[in-house]
Each structure stands twice: as C-alpha cells, then as structure tokens.
Amino acid sequence: MAGIPLISMRNIVKRFPGVTANDQINLDLHSGQIHALLGENGSGKTTLMSILTGLYRPTEGFISVCGEEKKFASPRDAIDSGIGMVHQHFKLIESFTVAENIALSQSSNSFLLSQEEVVEDIEKLGEKYGMSVNPRSYVWQLSVGEKQRVEILRMLYRNSKVLILDEPTAVLTPQETKELFLNLRKMANDGCAVVFISHKLNEVLELADKITVLRAGKVAGCFDRNDTNRYGLIEMMIGRKISVAQSGTKGEALGETVLEIDDISALNDVGTLGLNGLSLKVRAGEIYGIAGVSGNGQRELAEVLAGLRPVKSGNIKFYGEEITGMSPKNMIERGISYVPEDRLGMGLVPSLNSCENVILKEYDKPKYSQGWWIKEQAAVAATKAIVEKFDVRMGSIFQPVKMMSGGNLQKLLLGREIASKPKLMIVLYPVRGLDIGAIESVHKLLLQLKEANTAIILVSEELEEIAELSDRVGVIFSGKILGEFLIKDLDMERVGSLMAGVVEDKGESV
Ligand SMILES: Nc1ncnc2c1ncn2[C@@H]1O[C@H](COP(=O)(O)OP(=O)(O)OP(=O)(O)O)[C@@H](O)[C@H]1O
Ligand SMILES: [Mg+2]
C-alpha cells in the first residue's frame with residue numbers, strides 16, 4: 001500500500017525485569033486497513049499496543065504518526081494523537097451512565113458540554129456505525145457486548161483514527177462478533193486504521209487485511225491476508241506443527257455417578273434466579289460439556305459447586321453424600337475443584353507470586369507446612385513442576401502473577417488445579433484468550449484428567465471445543481439444562497436453537 005503509514009513503530013524494544021517483551025519490533029499501520037496481531041501467549045502483543053497508547057514507554061525505538069516522530073509521556077498524549085484502545089478488561093465506571101462515561105473521557109472542557117449534546121452525539125455515532133446503545137443507561141445495566149460498544153463509541157467520540165482492540169471477541173456471542181466485524185470494516189472504510197488482536201485464526205483470516213505474527217517478542221512475519229493461510233500462520237506462531245488431542249474412550253465413560261444435581265435454584269448477583277430448576281448427573285471419567293450463551297447460569301452453577309453461592313432449593317449429591325450448602329473448604333477437601341473464568345479476580349491473587357499462588361489452597365497441609373513454617377523447598381519444587389509441565393512462561397516464579405500475560409495466568413491456574421488431582425472439576429471457558437499451542441495443551445490435560453477418572457464439567461461458548469472433548473452435552477438456558485445429548489447424537493442445529501431458548505421446532509421461546 002502506498003502513502004505514508006498513519007503509524008510507524010520502529011525498532012521498538014521493551015524490557016521488563018527478566019523478560020524482553022518486545023525485541024526490535026517494526027510495525028506500520030495504514031488508514032483504511034485492518035491489521036491483525038497474532039502470537040502465542042506472552043509473545044508481546046499487549047505490550048506493543050500499550051506502548052502505542054502511551055501506557056508504557058519503550059526502552060528503545062520510536063513511533064511516528066503521519067511521518068512525524070512522537071514521544072508519548074502518557075495515555076493522554078496518545079489519545080491526542082488519535083490513538084485509542086479497547087482493553088480486554090473494560091475501563092468503564094459502572095455507576096455512571098453511558099453518556100457520562102463517554103463525556104468523562106473528554107479532556108478539560110468536559111463539564112462545559114451539556115449532557116444533552118453528548119447524548120445526541122452518541123446516538124448519531126451509534127446510528128452511523130450500527131452500534132446502538134442507550135446513552136442514558138447505566139453501565140451496570142449493560143451486557144458485556146454493549147459495554148464493548150460503549151468503549152468503541154468512546155474511541156470514535158474522541159475522534160480516534162487508530163482503533164486498537166485487544167481480543168475483543170473473547171467475550172462476545174457469535175452474533176455479536178459478526179456485528180462487530182461489520183462495524184470495524186465500516187470504520188476502516190471511513191479512514192481509520194484498526195488493530196485487531198485475537199487468537200482465533202478463523203476470525204483473523206476473515207477480517208484482516210494485514211497480519212503480523214509475533215513470536216517471543218520479535219516479529220516472526222508480516223503478510224497480506226491473501227498471501228498466507230491457517231497452517232502457515234500456526235507454524236509461524238509456534239514454530240512447529242500441532243497435533244489434535246484425541247479422546248480414546250469418548251462417549252463410553254460409564255464410571256459411577258460422581259455428581260448428582262437435582263432441581264436446584266440459586267440467586268444471581270442481582271437477586272433474581274440465576275439457577276432455576278437445574279438438574280444434571282456426571283460420572284467418573286466423563287466430560288460433561290455445557291453449551292450456552294454466557295450469563296445463563298454457568299457461573300452460578302460453578303459457584304454453587306464450589307460452595308461460594310447459597311442454594312435456595314434442590315439438592316446436590318457427591319458420591320452419594322449430600323453436599324448442598326457446604327463451605328468452600330469442605331468442597332475442596334472432597335476433591336471438588338473450580339477453575340473460574342476470572343483468573344485474577346477469583347482464581348489467583350494478583351499481588352502474590354506464582355509459588356505463593358500454587359500453595360494457596362493447601363498451605364496448611366503437611367505437604368507444604370510444618371507447624372508454623374512453610375516448606376519453601378516443597379513449594380518451589382511443586383511450582384517448578386507445574387511451570388514446566390504446563391509450559392507457563394514468566395520472568396520468575398517469584399514475581400507477582402499480575403505481571404504475567406493472560407494466557408500464562410490461565411495455564412498456571414489450570415496447572416495448580418490439575419496437580420491437586422481433583423475428583424470433580426468444573427472449568428469455565430478454559431481456553432478463552434489462549435493461543436493455539438496452549439489450547440492444545442489444555443485439551444490434552446483435560447483428557448488426561450478424564451483418563452484418570454475425574455468427572456469434568458466443561459463450560460464453554462465454543463461449540464467446536466465442546467463437541468471435540470465431551471461425552472455428553474447439556475445446553476444451559478435461563479438457569480436450567482434445556483436439552484441434553486449423548487455425543488454421538490449431537491445435533492448442532494438443535495444446540496443452536498436451544499442456546500437461544502427455542503425448544504423443539506415449534507419455534508416457541510421459553
Ligand atoms: N508489567 C509487566 N511487568 C513485567 N513483565 C511483564 C509486564 N507486562 C508484560 N510482561 C511480560 O512480557 C511478556 C509479554 O506479555 P504480553 O502481555 O505483551 O503478551 P501477549 O502477547 O499480550 O500475551 P496474551 O496472548 O497471553 O495476552 C510476558 O512474558 C509477560 O510476562
Ligand atoms: Mg495480551
């Protein structure tokens with residue numbers, strides 16, 4: 001493509017203690033183009049974009065905007081240069097309205113703008129790009145997809161010309177993803193340069209004009225969309241070919257019943273019924289896949305099983321023993337493990353290091369303690385074993401885990417749980433945000449757990465993943481299992497309609 005790039009990053013180096021996150025990176029972004037950034041977990045994508053948005057200063061290298069060199073001392077400078085980013089963890093104030101959130105981000109004169117003007121502008125922008133959201137709604141009232149729209153509208157409202165989205169589809173339904181792609185294309189057509197970070201190759205190939213692959217902090221390759229394909233990209237990302245995890249005993253798992261949930265209901269965080277008459281059974285050595293649009297009771301189900309959420313009615317049996325309403329400690333002692341979706345909120349403690357996080361749930365067991373003393377060597381050895389087995393990459397096991405990349409956090413958390421040899425494991429969206437190599441290892445590990453006779457409840461929004469791993473599939477909608485399939489009878493079309501709450505072919509909604 002001719003012309004001066006809108007953005008040119010040259011020889012960017014970013015060093016953190018113990019890691020070179022970006023190593024001599026060059027990247028050009030052109031107006032009118034969608035540029036995808038691909039790379040394994042920890043390859044440096046977020047770091048590079050944090051440099052472009054003024055969040056970090058590069059150790060070396062420089063950035064120019066329309067051919068003119070710029071030094072960003074703060075995010076404000078980058079915003080003033082027309083660069084905006086939607087982070088994976090949204091940065092909105094829940095108790096403010098959409099309009100207030102958007103006006104807030106306007107520089108000094110924000111209080112001069114009348115709320116009405118802002119509301120009108122947002123409505124216009126929303127209409128133009130087909131991203132409607134009520135400017136007067138409070139952010140806490142919005143779905144995840146709507147919050148993302150607000151973040152995008154905020155960038156547009158600030159007149160950003162460079163729009164960066166860090167794994168935007170990880171939290172969206174397939175329908176929302178489709179809409180997002182249409183909108184991003186419109187923005188590119190209007191002259192924006194769009195950066196799209198994703199681990200999903202299908203999406204990258206569908207959306208991108210240009211693709212840059214990072215590996216271990218360096219640019220491994222940069223292609224026009226039409227000059228590359230799925231396999232080329234995979235090999236470039238991980239530097240080798242991958243194999244697919246295969247379950248040997250799929251659908252034949254006939255161990256004894258481990259978990260029996262009978263007609264339970266429980267409240268969600270807003271006080272309505274998050275679980276509403278849910279029943280299911282899982283056997284030893286079985287993977288029970290739960291398909292569904294997130295927000296239909298998945299998290300509540302997991303929390304009930306982890307002892308973190310009270311049950312209103314119904315009961316739960318574990319190896320025949322009634323465990324309804326037991327404490328988290330009791331659940332853990334029985335061998336029930338919960339791998340939450342919110343890794344830094346619930347699973348790991350951000351300010352503690354890997355080693356401390358690994359022993360977190362068992363620090364008072366003889367394995368790791370003697371009287372008041374923590375057996376440090378045992379803890380370090382256990383951590384090293386997990387790090388090695390799960391290929392967790394980080395500067396050092398003594399660094400706070402908040403410094404690790406998203407994918408590596410997930411591997412550490414899963415590794416810890418699997419190492420505890422659970423009898424029942426409930427895992428939520430285990431590969432969200434993971435790269436292909438890591439997905440492959442997580443799937444293999446889940447299958448190994450299954451071979452070791454663990455009963456597994458796998459909650460995912462990726463139907464392919466569920467179909468690949470599960471022995472049985474239940475579709476969750478509005479707090480109950482609306483339909484169940486043996487894997488050999490899995491009918492994707494019916495799963496799709498059940499996910500939307502449509503039972504059978506009468507087209508009725510529940
Ligand atoms: N603030 C920080 N302090 C120390 N190290 C960091 C910091 N931020 C990132 N790193 C390290 O830099 C490397 C690159 O991380 P980065 O978050 O950019 O990866 P990523 O490509 O976005 O990965 P993912 O796909 O998992 O999100 C990792 O090794 C990470 O541990
Ligand atoms: Mg990242």
# chains A, B, ... in the order shown; residues from 1 in each chain; ligands from 1
call {"tool": "residues_near_ligand", "arguments": {"ligand": "ligand 1", "cutoff": "9 Å", "atoms": "only C-alpha atoms and all ligand atoms", "output": "PyMOL selection string"}}
result
chain A and resi 14-22+37-50+56+166-167+197-199+214-217+393-395+399-410+433-435
call {"tool": "select_by_dssp", "arguments": {"residues": "stretch 370-492 of chain A", "states": "alpha helix (DSSP H)", "output": "VMD selection string"}}
result
chain A and resid 376 to 389 406 to 419 436 to 451 463 to 469 492
call {"tool": "residues_around", "arguments": {"residues": "A:Ser81", "least_positions_apart": "6", "cutoff": "9 Å", "atoms": "only C-alpha atoms", "output": "PyMOL selection string"}}
result
chain A and resi 65+70+160-162
call {"tool": "residues_around", "arguments": {"residues": "A:Arg472", "least_positions_apart": "2", "cutoff": "8 Å", "atoms": "only C-alpha atoms", "output": "ChimeraX atom specification"}}
result
/A:251,286-289,470,474,484-487
call {"tool": "select_by_dssp", "arguments": {"residues": "stretch 190-421 of chain A", "states": "strand (DSSP E)", "output": "NGL selection string"}}
result
:A and (193-197 or 210-215 or 218-224 or 257-267 or 273-283 or 287-291 or 313-318 or 321-322 or 336-339 or 369-370 or 373-374)
call {"tool": "residues_around", "arguments": {"residues": "A:Leu55", "least_positions_apart": "3", "cutoff": "10 Å", "atoms": "only C-alpha atoms", "output": "list of chain:residue names"}}
result
A:Thr47, A:Leu48, A:Met49, A:Ser50, A:Ile51, A:Leu52, A:Pro58, A:Phe72, A:Ala73, A:Ser74, A:Pro75, A:Arg76, A:Asp77, A:Ala78
call {"tool": "write_last_selection", "arguments": {"atoms": "N, CA, C and O atoms", "output": "PDB file, in the first residue's frame"}}
result
ATOM      1  N   THR A  47       1.782  -5.702  25.159  1.00  0.00           N
ATOM      2  CA  THR A  47       2.856  -4.762  25.494  1.00  0.00           C
ATOM      3  C   THR A  47       3.083  -3.770  24.355  1.00  0.00           C
ATOM      4  O   THR A  47       3.169  -2.564  24.568  1.00  0.00           O
ATOM      5  N   LEU A  48       3.147  -4.283  23.135  1.00  0.00           N
ATOM      6  CA  LEU A  48       3.394  -3.419  21.977  1.00  0.00           C
ATOM      7  C   LEU A  48       2.289  -2.366  21.851  1.00  0.00           C
ATOM      8  O   LEU A  48       2.554  -1.189  21.609  1.00  0.00           O
ATOM      9  N   MET A  49       1.050  -2.790  22.037  1.00  0.00           N
ATOM     10  CA  MET A  49      -0.050  -1.843  21.912  1.00  0.00           C
ATOM     11  C   MET A  49      -0.106  -0.894  23.111  1.00  0.00           C
ATOM     12  O   MET A  49      -0.561   0.235  22.990  1.00  0.00           O
ATOM     13  N   SER A  50       0.367  -1.348  24.259  1.00  0.00           N
ATOM     14  CA  SER A  50       0.416  -0.450  25.414  1.00  0.00           C
ATOM     15  C   SER A  50       1.460   0.636  25.194  1.00  0.00           C
ATOM     16  O   SER A  50       1.339   1.741  25.718  1.00  0.00           O
ATOM     17  N   ILE A  51       2.469   0.316  24.420  1.00  0.00           N
ATOM     18  CA  ILE A  51       3.461   1.340  24.079  1.00  0.00           C
ATOM     19  C   ILE A  51       2.843   2.353  23.112  1.00  0.00           C
ATOM     20  O   ILE A  51       2.976   3.561  23.277  1.00  0.00           O
ATOM     21  N   LEU A  52       2.091   1.838  22.160  1.00  0.00           N
ATOM     22  CA  LEU A  52       1.463   2.733  21.181  1.00  0.00           C
ATOM     23  C   LEU A  52       0.421   3.641  21.830  1.00  0.00           C
ATOM     24  O   LEU A  52       0.164   4.738  21.356  1.00  0.00           O
ATOM     25  N   PRO A  58       8.704   2.897  25.571  1.00  0.00           N
ATOM     26  CA  PRO A  58       9.623   1.879  25.047  1.00  0.00           C
ATOM     27  C   PRO A  58      11.017   2.075  25.640  1.00  0.00           C
ATOM     28  O   PRO A  58      11.422   3.201  25.924  1.00  0.00           O
ATOM     29  N   PHE A  72       5.259   9.735  23.519  1.00  0.00           N
ATOM     30  CA  PHE A  72       4.083   9.766  24.376  1.00  0.00           C
ATOM     31  C   PHE A  72       4.510   9.659  25.835  1.00  0.00           C
ATOM     32  O   PHE A  72       5.055   8.650  26.254  1.00  0.00           O
ATOM     33  N   ALA A  73       4.235  10.716  26.588  1.00  0.00           N
ATOM     34  CA  ALA A  73       4.594  10.673  28.005  1.00  0.00           C
ATOM     35  C   ALA A  73       3.464  10.044  28.812  1.00  0.00           C
ATOM     36  O   ALA A  73       3.653   9.608  29.941  1.00  0.00           O
ATOM     37  N   SER A  74       2.267  10.003  28.225  1.00  0.00           N
ATOM     38  CA  SER A  74       1.119   9.461  28.961  1.00  0.00           C
ATOM     39  C   SER A  74       0.056   9.039  27.957  1.00  0.00           C
ATOM     40  O   SER A  74       0.110   9.427  26.788  1.00  0.00           O
ATOM     41  N   PRO A  75      -0.935   8.272  28.418  1.00  0.00           N
ATOM     42  CA  PRO A  75      -2.037   7.885  27.524  1.00  0.00           C
ATOM     43  C   PRO A  75      -2.719   9.112  26.915  1.00  0.00           C
ATOM     44  O   PRO A  75      -3.154   9.081  25.773  1.00  0.00           O
ATOM     45  N   ARG A  76      -2.764  10.197  27.658  1.00  0.00           N
ATOM     46  CA  ARG A  76      -3.403  11.410  27.145  1.00  0.00           C
ATOM     47  C   ARG A  76      -2.756  11.866  25.828  1.00  0.00           C
ATOM     48  O   ARG A  76      -3.424  12.245  24.881  1.00  0.00           O
ATOM     49  N   ASP A  77      -1.404  11.799  25.780  1.00  0.00           N
ATOM     50  CA  ASP A  77      -0.693  12.199  24.557  1.00  0.00           C
ATOM     51  C   ASP A  77      -1.104  11.328  23.378  1.00  0.00           C
ATOM     52  O   ASP A  77      -1.267  11.814  22.262  1.00  0.00           O
ATOM     53  N   ALA A  78      -1.232  10.020  23.633  1.00  0.00           N
ATOM     54  CA  ALA A  78      -1.611   9.114  22.548  1.00  0.00           C
ATOM     55  C   ALA A  78      -3.037   9.402  22.097  1.00  0.00           C
ATOM     56  O   ALA A  78      -3.335   9.429  20.898  1.00  0.00           O
TER      57      ALA A  78
END
call {"tool": "residues_around", "arguments": {"residues": "A:Val380", "least_positions_apart": "4", "cutoff": "7 Å", "atoms": "only C-alpha atoms", "output": "PyMOL selection string"}}
result
chain A and resi 355+376+384
call {"tool": "write_last_selection", "arguments": {"atoms": "N, CA, C and O atoms", "output": "CSV table (one decimal), in the first residue's frame"}}
result
chain,number,residue,atom,x,y,z
A,355,CYS,N,4.6,-19.0,43.1
A,355,CYS,CA,4.9,-20.0,44.2
A,355,CYS,C,3.8,-19.9,45.2
A,355,CYS,O,3.2,-20.9,45.6
A,376,GLU,N,9.4,-24.2,52.2
A,376,GLU,CA,9.6,-23.5,50.9
A,376,GLU,C,10.1,-24.3,49.8
A,376,GLU,O,9.7,-24.1,48.7
A,384,LYS,N,7.7,-25.3,40.2
A,384,LYS,CA,8.6,-25.6,39.1
A,384,LYS,C,8.0,-26.7,38.2
A,384,LYS,O,8.0,-26.6,37.0
call {"tool": "residues_around", "arguments": {"residues": "A:Asp262", "least_positions_apart": "2", "cutoff": "7 Å", "atoms": "only C-alpha atoms", "output": "list in words"}}
result
Glu260, Ile264, Leu278, Ser279, Leu280, Gly314, Asn315 and Ile316 of chain A
call {"tool": "closest_residue", "arguments": {"among": "A:Pro366, A:Gly84, A:Gly347, A:Pro168", "to": "ligand 2", "atoms": "only C-alpha atoms and all ligand atoms"}}
result
A:Pro168
call {"tool": "closest_residue", "arguments": {"among": "A:Gly82, A:Glu60, A:Leu352, A:Gln88", "to": "ligand 2", "atoms": "only C-alpha atoms and all ligand atoms"}}
result
A:Gln88
call {"tool": "atom_distance", "arguments": {"atom1": "atom CA of A:Met499", "atom2": "atom CA of A:Gly292"}}
result
5.1 Å
call {"tool": "atom_distance", "arguments": {"atom1": "atom CA of A:Tyr429", "atom2": "atom CA of A:Pro340"}}
result
8.0 Å
call {"tool": "decode", "arguments": {"residues": "stretch 355-370 of chain A", "atoms": "all heavy atoms", "output": "compact mmCIF listing (two decimals), in the first residue's frame"}}
result
# COMPACT_ATOMS: atom_id res chain seq x y z
N CYS A 355 4.65 -19.02 43.14
CA CYS A 355 4.86 -20.02 44.16
C CYS A 355 3.79 -19.92 45.24
O CYS A 355 3.18 -20.91 45.65
CB CYS A 355 6.24 -19.75 44.74
SG CYS A 355 7.00 -21.15 45.43
N GLU A 356 3.54 -18.71 45.70
CA GLU A 356 2.52 -18.49 46.73
C GLU A 356 1.14 -18.86 46.22
O GLU A 356 0.31 -19.42 46.94
CB GLU A 356 2.56 -17.03 47.20
CG GLU A 356 3.81 -16.71 47.97
CD GLU A 356 4.17 -15.22 47.98
OE1 GLU A 356 3.73 -14.47 47.07
OE2 GLU A 356 4.90 -14.82 48.88
N ASN A 357 0.90 -18.55 44.94
CA ASN A 357 -0.40 -18.89 44.37
C ASN A 357 -0.59 -20.40 44.24
O ASN A 357 -1.69 -20.91 44.39
CB ASN A 357 -0.58 -18.22 43.00
CG ASN A 357 -1.24 -16.86 43.13
OD1 ASN A 357 -2.41 -16.76 43.47
ND2 ASN A 357 -0.48 -15.81 42.87
N VAL A 358 0.48 -21.09 43.96
CA VAL A 358 0.38 -22.54 43.79
C VAL A 358 -0.02 -23.21 45.11
O VAL A 358 -0.83 -24.13 45.14
CB VAL A 358 1.69 -23.13 43.23
CG1 VAL A 358 1.76 -24.64 43.45
CG2 VAL A 358 1.81 -22.81 41.75
N ILE A 359 0.52 -22.74 46.23
CA ILE A 359 0.22 -23.41 47.50
C ILE A 359 -0.97 -22.80 48.24
O ILE A 359 -1.36 -23.26 49.30
CB ILE A 359 1.45 -23.44 48.45
CG1 ILE A 359 1.84 -22.02 48.87
CG2 ILE A 359 2.62 -24.14 47.78
CD1 ILE A 359 2.83 -22.02 50.03
N LEU A 360 -1.57 -21.79 47.59
CA LEU A 360 -2.63 -21.02 48.23
C LEU A 360 -3.71 -21.86 48.91
O LEU A 360 -4.13 -21.58 50.02
CB LEU A 360 -3.27 -20.14 47.15
CG LEU A 360 -4.09 -18.97 47.59
CD1 LEU A 360 -3.24 -18.00 48.39
CD2 LEU A 360 -4.63 -18.25 46.34
N LYS A 361 -4.18 -22.88 48.21
CA LYS A 361 -5.30 -23.64 48.76
C LYS A 361 -4.85 -24.75 49.70
O LYS A 361 -5.66 -25.38 50.34
CB LYS A 361 -6.12 -24.24 47.61
CG LYS A 361 -7.00 -23.18 46.94
CD LYS A 361 -7.46 -23.64 45.57
CE LYS A 361 -8.74 -24.45 45.63
NZ LYS A 361 -9.16 -24.81 44.24
N GLU A 362 -3.55 -25.00 49.75
CA GLU A 362 -3.07 -26.15 50.53
C GLU A 362 -1.94 -25.79 51.47
O GLU A 362 -1.22 -26.67 51.94
CB GLU A 362 -2.58 -27.24 49.57
CG GLU A 362 -3.64 -27.80 48.66
CD GLU A 362 -3.10 -28.93 47.80
OE1 GLU A 362 -2.25 -28.65 46.93
OE2 GLU A 362 -3.50 -30.08 48.01
N TYR A 363 -1.78 -24.49 51.73
CA TYR A 363 -0.60 -24.09 52.51
C TYR A 363 -0.60 -24.66 53.93
O TYR A 363 0.42 -24.78 54.56
CB TYR A 363 -0.50 -22.56 52.56
CG TYR A 363 -1.55 -21.93 53.43
CD1 TYR A 363 -1.30 -21.69 54.78
CD2 TYR A 363 -2.81 -21.63 52.91
CE1 TYR A 363 -2.28 -21.14 55.58
CE2 TYR A 363 -3.79 -21.09 53.71
CZ TYR A 363 -3.53 -20.85 55.04
OH TYR A 363 -4.50 -20.35 55.84
N ASP A 364 -1.80 -25.05 54.42
CA ASP A 364 -1.84 -25.56 55.78
C ASP A 364 -1.75 -27.09 55.84
O ASP A 364 -1.87 -27.70 56.89
CB ASP A 364 -3.12 -25.08 56.49
CG ASP A 364 -4.38 -25.44 55.70
OD1 ASP A 364 -4.24 -25.86 54.53
OD2 ASP A 364 -5.48 -25.29 56.25
N LYS A 365 -1.54 -27.71 54.68
CA LYS A 365 -1.41 -29.17 54.64
C LYS A 365 0.04 -29.58 54.90
O LYS A 365 0.96 -28.82 54.60
CB LYS A 365 -1.83 -29.69 53.26
CG LYS A 365 -3.24 -29.37 52.88
CD LYS A 365 -4.21 -30.38 53.50
CE LYS A 365 -5.57 -29.77 53.73
NZ LYS A 365 -6.19 -29.28 52.49
N PRO A 366 0.24 -30.79 55.46
CA PRO A 366 1.60 -31.25 55.78
C PRO A 366 2.54 -31.18 54.58
O PRO A 366 3.75 -30.97 54.73
CB PRO A 366 1.39 -32.71 56.19
CG PRO A 366 -0.06 -32.91 56.39
CD PRO A 366 -0.80 -31.74 55.83
N LYS A 367 1.94 -31.31 53.38
CA LYS A 367 2.74 -31.23 52.16
C LYS A 367 3.58 -29.95 52.13
O LYS A 367 4.71 -29.95 51.69
CB LYS A 367 1.74 -31.23 51.00
CG LYS A 367 2.29 -31.44 49.64
CD LYS A 367 1.18 -32.01 48.72
CE LYS A 367 0.75 -31.01 47.68
NZ LYS A 367 -0.37 -31.42 46.85
N TYR A 368 2.98 -28.87 52.57
CA TYR A 368 3.66 -27.58 52.47
C TYR A 368 3.98 -26.93 53.81
O TYR A 368 4.59 -25.87 53.85
CB TYR A 368 2.83 -26.59 51.65
CG TYR A 368 2.64 -26.99 50.21
CD1 TYR A 368 1.37 -27.04 49.65
CD2 TYR A 368 3.74 -27.31 49.42
CE1 TYR A 368 1.19 -27.41 48.33
CE2 TYR A 368 3.58 -27.69 48.10
CZ TYR A 368 2.30 -27.73 47.56
OH TYR A 368 2.13 -28.10 46.26
N SER A 369 3.51 -27.49 54.91
CA SER A 369 3.79 -26.79 56.16
C SER A 369 4.15 -27.75 57.28
O SER A 369 3.79 -28.93 57.28
CB SER A 369 2.57 -25.96 56.58
OG SER A 369 1.58 -26.80 57.14
N GLN A 370 4.90 -27.18 58.23
CA GLN A 370 5.32 -27.94 59.39
C GLN A 370 5.19 -26.95 60.53
O GLN A 370 5.94 -25.98 60.59
CB GLN A 370 6.78 -28.36 59.21
CG GLN A 370 7.24 -29.39 60.17
CD GLN A 370 8.53 -30.01 59.67
OE1 GLN A 370 9.35 -29.37 59.02
NE2 GLN A 370 8.74 -31.27 59.97
